[in-house]
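First comes the structure, then the notes that go with it.
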Number of protein chains: 2
Amino acid sequence: MARGDQRPVTVHTIAKHVGVSPSAVSTVLANRQKERRLAPATVEKIRQAVRDLGYVPNVAARRLRANDPEVHHREIGILTSFEAPLFLVSRVLRQVQRMADARTGPGRRFSVSIAMFHAGRLGEMPGLLDASRFNGVILTNTLPPDDAFLAATTLPYAVVVLGRRLPNYCCVLDTPGEIGRRAAEILLARGCRQPVVLAPTLLTESTAERAGAFCTAVRAATGNEPARVVVAGFTPANAADALRAHLGAGRGCDGLYAVTDGLALGAYQAIKDAGRRIPKDIAVVGVGDHEHADFFDPPLTCVGPSSETIVEQVVTQLFDLMNRRHVKPVETFVPPSVVMRGSA
Amino acid sequence: MARGDQRPVTVHTIAKHVGVSPSAVSTVLANRQKERRLAPATVEKIRQAVRDLGYVPNVAARRLRANDPEVHHREIGILTSFEAPLFLVSRVLRQVQRMADARTGPGRRFSVSIAMFHAGRLGEMPGLLDASRFNGVILTNTLPPDDAFLAATTLPYAVVVLGRRLPNYCCVLDTPGEIGRRAAEILLARGCRQPVVLAPTLLTESTAERAGAFCTAVRAATGNEPARVVVAGFTPANAADALRAHLGAGRGCDGLYAVTDGLALGAYQAIKDAGRRIPKDIAVVGVGDHEHADFFDPPLTCVGPSSETIVEQVVTQLFDLMNRRHVKPVETFVPPSVVMRGSA
DNA sequence: GCTTGAAGCTGAATCGATTTAGCTTTTTCT
DNA sequence: AGAAAAAGCTAAATCGATTCAGCTTCAAGC
């Protein structure tokens, strides 16, 4: 393997190497040697060179060339971080595609894809700044460094941000304060005296506010600060460990607010292992961000933004932006929906 | 809105409309009017025209132009159908990105994305045939029409097919026959006399074979054909309904094989609602295709291809293909892994 | 009056691949 | 032998956007 990487091999490179013109090479690459009457020997030499030199076509060039000037083609991206779950993202994707399909016609085509960035390193994504990848983008699961990056630049195309509040961007937001408050109300109404919040160390803006509002509401009603159980990660296993430690230490808990459903799932296990009943001994409230919250045992009572409404808002706004229906950045708040199920 | 779609607006169009050169327009689009000393009045006129004409940049052209000849750039796609769940796909994506990151350097960049096609209409995806979108692709969740399309063409780049057997392609496959057999063994070893298969109406090749092998194994051991409970869809709710009907009709069941974990989840609910215990009254075996099978209550015993192995195989092969490490189509079989947990 | 400088813009080249028209050279046919 | 046809290849244009060097024109300075 060469130490310094050389320039990529182009059709031209191959042509020079073999001693023919780029046209000949292109002919072989497209497998049109028969109709264009290239000598079998030449074809073989070109094939060999393509293999030897390790030719990789440049997709941008191909696309440009293949461009049909009669059709508008636009590229929509859904950008999310690796670390985040895909539940909401996949719903967004499906909705985007539905709207794209409805708008697809003889003169109009869409490509929709999910692309991922490493949380906190959104800025490193190639093609973001110069609009050389997307005509429109839905951005979600950003961390503070990503937000800082976004605040510092103006992306030159349609952008809708989901779940984060950013000046100069169209944002669709839940109302974490209200969510936390409603969650507290549910547990308090059940008569919980020792509610507990289950939240990961690394909080997003939204989850932090949820937890905060929950605590405020509990304090206002009971005069006591609820206990905070801090989870090392985002997985159910992490949550189970954390709650097990809390319960094992004999610290009180008769109600639980988990800031994501994944954590609630882990909590279920810890609670049951400790011999406690849900909701009798410990009532649990989740968020509704898990596909199967309805099939938890018992089904999880949730207070959270309706993912249906969120998805619809986000996608509608993206298409409006792309069609210049509105240009000013707008903040849209999606009120929480409450789904009472068996767990509280 | 115009009836027939006109040709897309290009930089050139705008230039002519305003009466300036394309260079001037491009300058404004890049917001470089200050350093390039464009008159504010001209800038405003161009801006106006950009808005009025509804200019949408051509991403392919931008990318080509922005191309840095010192870096190899390759585009990897993970293609899946809309209808399928994203659990395995997202694992594949993460693994691809991991390998891509490891290979990313000053002279080498990767873009990884998920793109979706409508099940059965893979052929309609733009850019598939002419390699103008991807340098390498992982294909999964195809239906027979998609397979037919693939069999009829040779895609001119690296392709790995996951979960389907296709001549002339690199395929990574589970071994559904063995999976079904092992599932049967587990239930029989627990002493089940009335095992039941839970499977959806629309079966993929793999799930059909799993169910078939399960039945064969049970028949061979007991002499009786196991009952088949047919589920209308793919969701837990569908499965719960189907199993509830079966149990409600008083038909026997002391062991259950669900061909996907989503179905198992629904089955759990039906079983518990019927007042039966898992695994005491009814033992359940699933597949292990659910992220949280470990947190089902009780944790789900699974027989299925280890998604870890599958993902690794698929991704390794893709990179090998892209580096021309091997060119012949290969079939790789991933043996099932058995994870005994609480449910059987 | 002549130089210098800035302001305001354009022309042409470029990115990589593809295609069409067309140019040689060789072969075939009469 | 001479004309026509076939074989085998190439030059140049093209896709859309960007950039750099450079060309005018006008104002200011000595």
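Quick note on naming: the chains in the structure tokens go A, B, ... in the order shown, residues restart at 1 in each chain, and ligands are numbered from 1 in order of appearance.
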
Within 6 Å of chain B, which residues of chain A show up? Give each one with its shortest atom-to-atom distance in Å (one decimal) and the two atoms involved, counting only C-alpha atoms, rows by chain then rising residue number, as JSON lines.
```
{"residue": "A:Asp5", "atom": "CA", "partner": "B:Gly107", "partner_atom": "CA", "distance": 5.7}
{"residue": "A:Arg7", "atom": "CA", "partner": "B:Glu70", "partner_atom": "CA", "distance": 5.1}
{"residue": "A:Pro8", "atom": "CA", "partner": "B:His72", "partner_atom": "CA", "distance": 5.7}
{"residue": "A:Val59", "atom": "CA", "partner": "B:Ser132", "partner_atom": "CA", "distance": 4.8}
{"residue": "A:Ala60", "atom": "CA", "partner": "B:Ala60", "partner_atom": "CA", "distance": 4.9}
{"residue": "A:Ala61", "atom": "CA", "partner": "B:Leu64", "partner_atom": "CA", "distance": 5.6}
{"residue": "A:Arg62", "atom": "CA", "partner": "B:Ser132", "partner_atom": "CA", "distance": 5.2}
{"residue": "A:Arg63", "atom": "CA", "partner": "B:Ser132", "partner_atom": "CA", "distance": 4.9}
{"residue": "A:Leu64", "atom": "CA", "partner": "B:Ala60", "partner_atom": "CA", "distance": 5.2}
{"residue": "A:Pro69", "atom": "CA", "partner": "B:Arg7", "partner_atom": "CA", "distance": 6.0}
{"residue": "A:Glu70", "atom": "CA", "partner": "B:Arg7", "partner_atom": "CA", "distance": 5.1}
{"residue": "A:His72", "atom": "CA", "partner": "B:Pro8", "partner_atom": "CA", "distance": 5.8}
{"residue": "A:Gly107", "atom": "CA", "partner": "B:Asp5", "partner_atom": "CA", "distance": 5.7}
{"residue": "A:Ser113", "atom": "CA", "partner": "B:Ala115", "partner_atom": "CA", "distance": 4.7}
{"residue": "A:Ile114", "atom": "CA", "partner": "B:Ile114", "partner_atom": "CA", "distance": 5.0}
{"residue": "A:Ala115", "atom": "CA", "partner": "B:Ser113", "partner_atom": "CA", "distance": 4.7}
{"residue": "A:Ser132", "atom": "CA", "partner": "B:Val59", "partner_atom": "CA", "distance": 4.8}
{"residue": "A:Arg133", "atom": "CA", "partner": "B:Val59", "partner_atom": "CA", "distance": 5.7}
```

Residue list (helix (DSSP H, G or I), DSSP) for range 201-255 of chain A, as a PyMOL selection string
chain A and resi 205-222+236-248

Export, as a tab-separated table (two decimals), in the first residue's frame, the selected residues with N, CA and C atoms.
```tsv
chain	number	residue	atom	x	y	z
A	205	GLU	N	-30.93	18.84	25.83
A	205	GLU	CA	-31.64	20.00	26.34
A	205	GLU	C	-33.03	19.59	26.81
A	206	SER	N	-33.67	18.80	25.96
A	206	SER	CA	-35.05	18.43	26.20
A	206	SER	C	-35.21	17.55	27.45
A	207	THR	N	-34.38	16.53	27.55
A	207	THR	CA	-34.52	15.64	28.69
A	207	THR	C	-34.16	16.37	29.99
A	208	ALA	N	-33.19	17.24	29.94
A	208	ALA	CA	-32.82	18.00	31.13
A	208	ALA	C	-34.00	18.84	31.61
A	209	GLU	N	-34.65	19.49	30.66
A	209	GLU	CA	-35.78	20.34	31.04
A	209	GLU	C	-36.95	19.53	31.56
A	210	ARG	N	-37.16	18.38	30.96
A	210	ARG	CA	-38.22	17.49	31.44
A	210	ARG	C	-38.00	17.15	32.90
A	211	ALA	N	-36.79	16.70	33.19
A	211	ALA	CA	-36.46	16.30	34.55
A	211	ALA	C	-36.59	17.49	35.50
A	212	GLY	N	-36.11	18.63	35.04
A	212	GLY	CA	-36.16	19.83	35.87
A	212	GLY	C	-37.60	20.21	36.22
A	213	ALA	N	-38.45	20.23	35.20
A	213	ALA	CA	-39.84	20.64	35.43
A	213	ALA	C	-40.54	19.64	36.34
A	214	PHE	N	-40.20	18.37	36.16
A	214	PHE	CA	-40.78	17.35	37.02
A	214	PHE	C	-40.46	17.65	38.48
A	215	CYS	N	-39.20	17.90	38.73
A	215	CYS	CA	-38.76	18.16	40.10
A	215	CYS	C	-39.43	19.40	40.67
A	216	THR	N	-39.49	20.45	39.86
A	216	THR	CA	-40.14	21.67	40.31
A	216	THR	C	-41.58	21.40	40.72
A	217	ALA	N	-42.28	20.67	39.89
A	217	ALA	CA	-43.69	20.41	40.16
A	217	ALA	C	-43.85	19.58	41.43
A	218	VAL	N	-43.00	18.60	41.59
A	218	VAL	CA	-43.09	17.75	42.78
A	218	VAL	C	-42.80	18.57	44.03
A	219	ARG	N	-41.77	19.40	43.94
A	219	ARG	CA	-41.39	20.23	45.07
A	219	ARG	C	-42.54	21.17	45.44
A	220	ALA	N	-43.14	21.74	44.43
A	220	ALA	CA	-44.23	22.68	44.69
A	220	ALA	C	-45.39	22.00	45.40
A	221	ALA	N	-45.62	20.74	45.05
A	221	ALA	CA	-46.78	20.06	45.61
A	221	ALA	C	-46.48	19.44	46.97
A	222	THR	N	-45.28	18.92	47.15
A	222	THR	CA	-44.99	18.17	48.38
A	222	THR	C	-44.00	18.87	49.29
A	236	PRO	N	-31.41	0.24	28.33
A	236	PRO	CA	-32.20	-0.34	29.42
A	236	PRO	C	-31.30	-0.96	30.48
A	237	ALA	N	-30.22	-1.60	30.05
A	237	ALA	CA	-29.33	-2.25	31.00
A	237	ALA	C	-28.74	-1.23	31.96
A	238	ASN	N	-28.31	-0.10	31.44
A	238	ASN	CA	-27.78	0.97	32.29
A	238	ASN	C	-28.82	1.39	33.32
A	239	ALA	N	-30.05	1.56	32.84
A	239	ALA	CA	-31.11	2.02	33.73
A	239	ALA	C	-31.39	0.99	34.82
A	240	ALA	N	-31.41	-0.28	34.41
A	240	ALA	CA	-31.68	-1.35	35.38
A	240	ALA	C	-30.62	-1.33	36.48
A	241	ASP	N	-29.38	-1.22	36.08
A	241	ASP	CA	-28.30	-1.17	37.06
A	241	ASP	C	-28.49	-0.03	38.05
A	242	ALA	N	-28.73	1.15	37.50
A	242	ALA	CA	-28.84	2.33	38.35
A	242	ALA	C	-29.99	2.19	39.34
A	243	LEU	N	-31.13	1.73	38.83
A	243	LEU	CA	-32.29	1.65	39.72
A	243	LEU	C	-32.12	0.54	40.75
A	244	ARG	N	-31.51	-0.54	40.32
A	244	ARG	CA	-31.24	-1.65	41.25
A	244	ARG	C	-30.42	-1.14	42.43
A	245	ALA	N	-29.40	-0.34	42.11
A	245	ALA	CA	-28.56	0.21	43.16
A	245	ALA	C	-29.39	1.07	44.12
A	246	HIS	N	-30.25	1.87	43.53
A	246	HIS	CA	-31.07	2.76	44.35
A	246	HIS	C	-31.99	1.97	45.27
A	247	LEU	N	-32.68	1.01	44.69
A	247	LEU	CA	-33.62	0.22	45.49
A	247	LEU	C	-32.87	-0.65	46.50
A	248	GLY	N	-31.76	-1.21	46.05
A	248	GLY	CA	-30.97	-2.08	46.91
A	248	GLY	C	-30.46	-1.34	48.15
```

Can you list, as a compact mmCIF listing (two decimals) with C-alpha atoms (C1' of nucleotides), in the first residue's frame, every protein, DNA or RNA residue that comes within 12 Å of DA28 in chain D when you count only C-alpha atoms (C1' of nucleotides), leaving out same-chain residues fewer than 6 positions away?
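Generated file (part-v2.txt):
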```txt
# COMPACT_ATOMS: atom_id res chain seq x y z
C1' DT C 3 -0.47 57.64 -13.35
C1' DT C 4 -2.54 54.87 -9.78
C1' DG C 5 -6.22 52.61 -7.64
C1' DA C 6 -10.50 50.95 -6.87
```

Taking only C-alpha atoms (C1' of nucleotides) into account, name the residue in B:Val28, B:Leu38, B:Val89, B:Val18 that is nearest to chain C.
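Closest to chain C, using only C-alpha atoms (C1' of nucleotides): B:Leu38.
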
If we count only C-alpha atoms (C1' of nucleotides), what is near Ala199 in chain A at a cut-off of 7 Å, once residues fewer than 5 positions away on the same chain are taken out, given as a PyMOL selection string?
chain A and resi 229-231+258-259

Output N, CA and C atoms for every residue in that selection, as a compact mmCIF listing (two decimals), in the first residue's frame.
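Saved as out-v8.txt:
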```txt
# COMPACT_ATOMS: atom_id res chain seq x y z
N VAL A 229 -32.10 9.52 40.11
CA VAL A 229 -31.24 8.37 39.89
C VAL A 229 -30.54 8.59 38.56
N VAL A 230 -29.23 8.65 38.62
CA VAL A 230 -28.46 8.97 37.42
C VAL A 230 -28.00 7.70 36.71
N VAL A 231 -28.30 7.62 35.42
CA VAL A 231 -27.97 6.43 34.64
C VAL A 231 -26.72 6.70 33.81
N ALA A 258 -39.30 8.19 34.04
CA ALA A 258 -38.15 7.89 33.19
C ALA A 258 -38.18 8.83 31.99
N VAL A 259 -37.08 9.51 31.73
CA VAL A 259 -37.10 10.53 30.67
C VAL A 259 -37.00 9.94 29.26
```

Skip DA11 in chain D itself and residues of its chain fewer than 6 positions away, then list as a VMD selection string all residues within 10 Å of it, counting only C-alpha atoms (C1' of nucleotides).
(chain A and resid 21 23) or (chain C and resid 21 to 23)
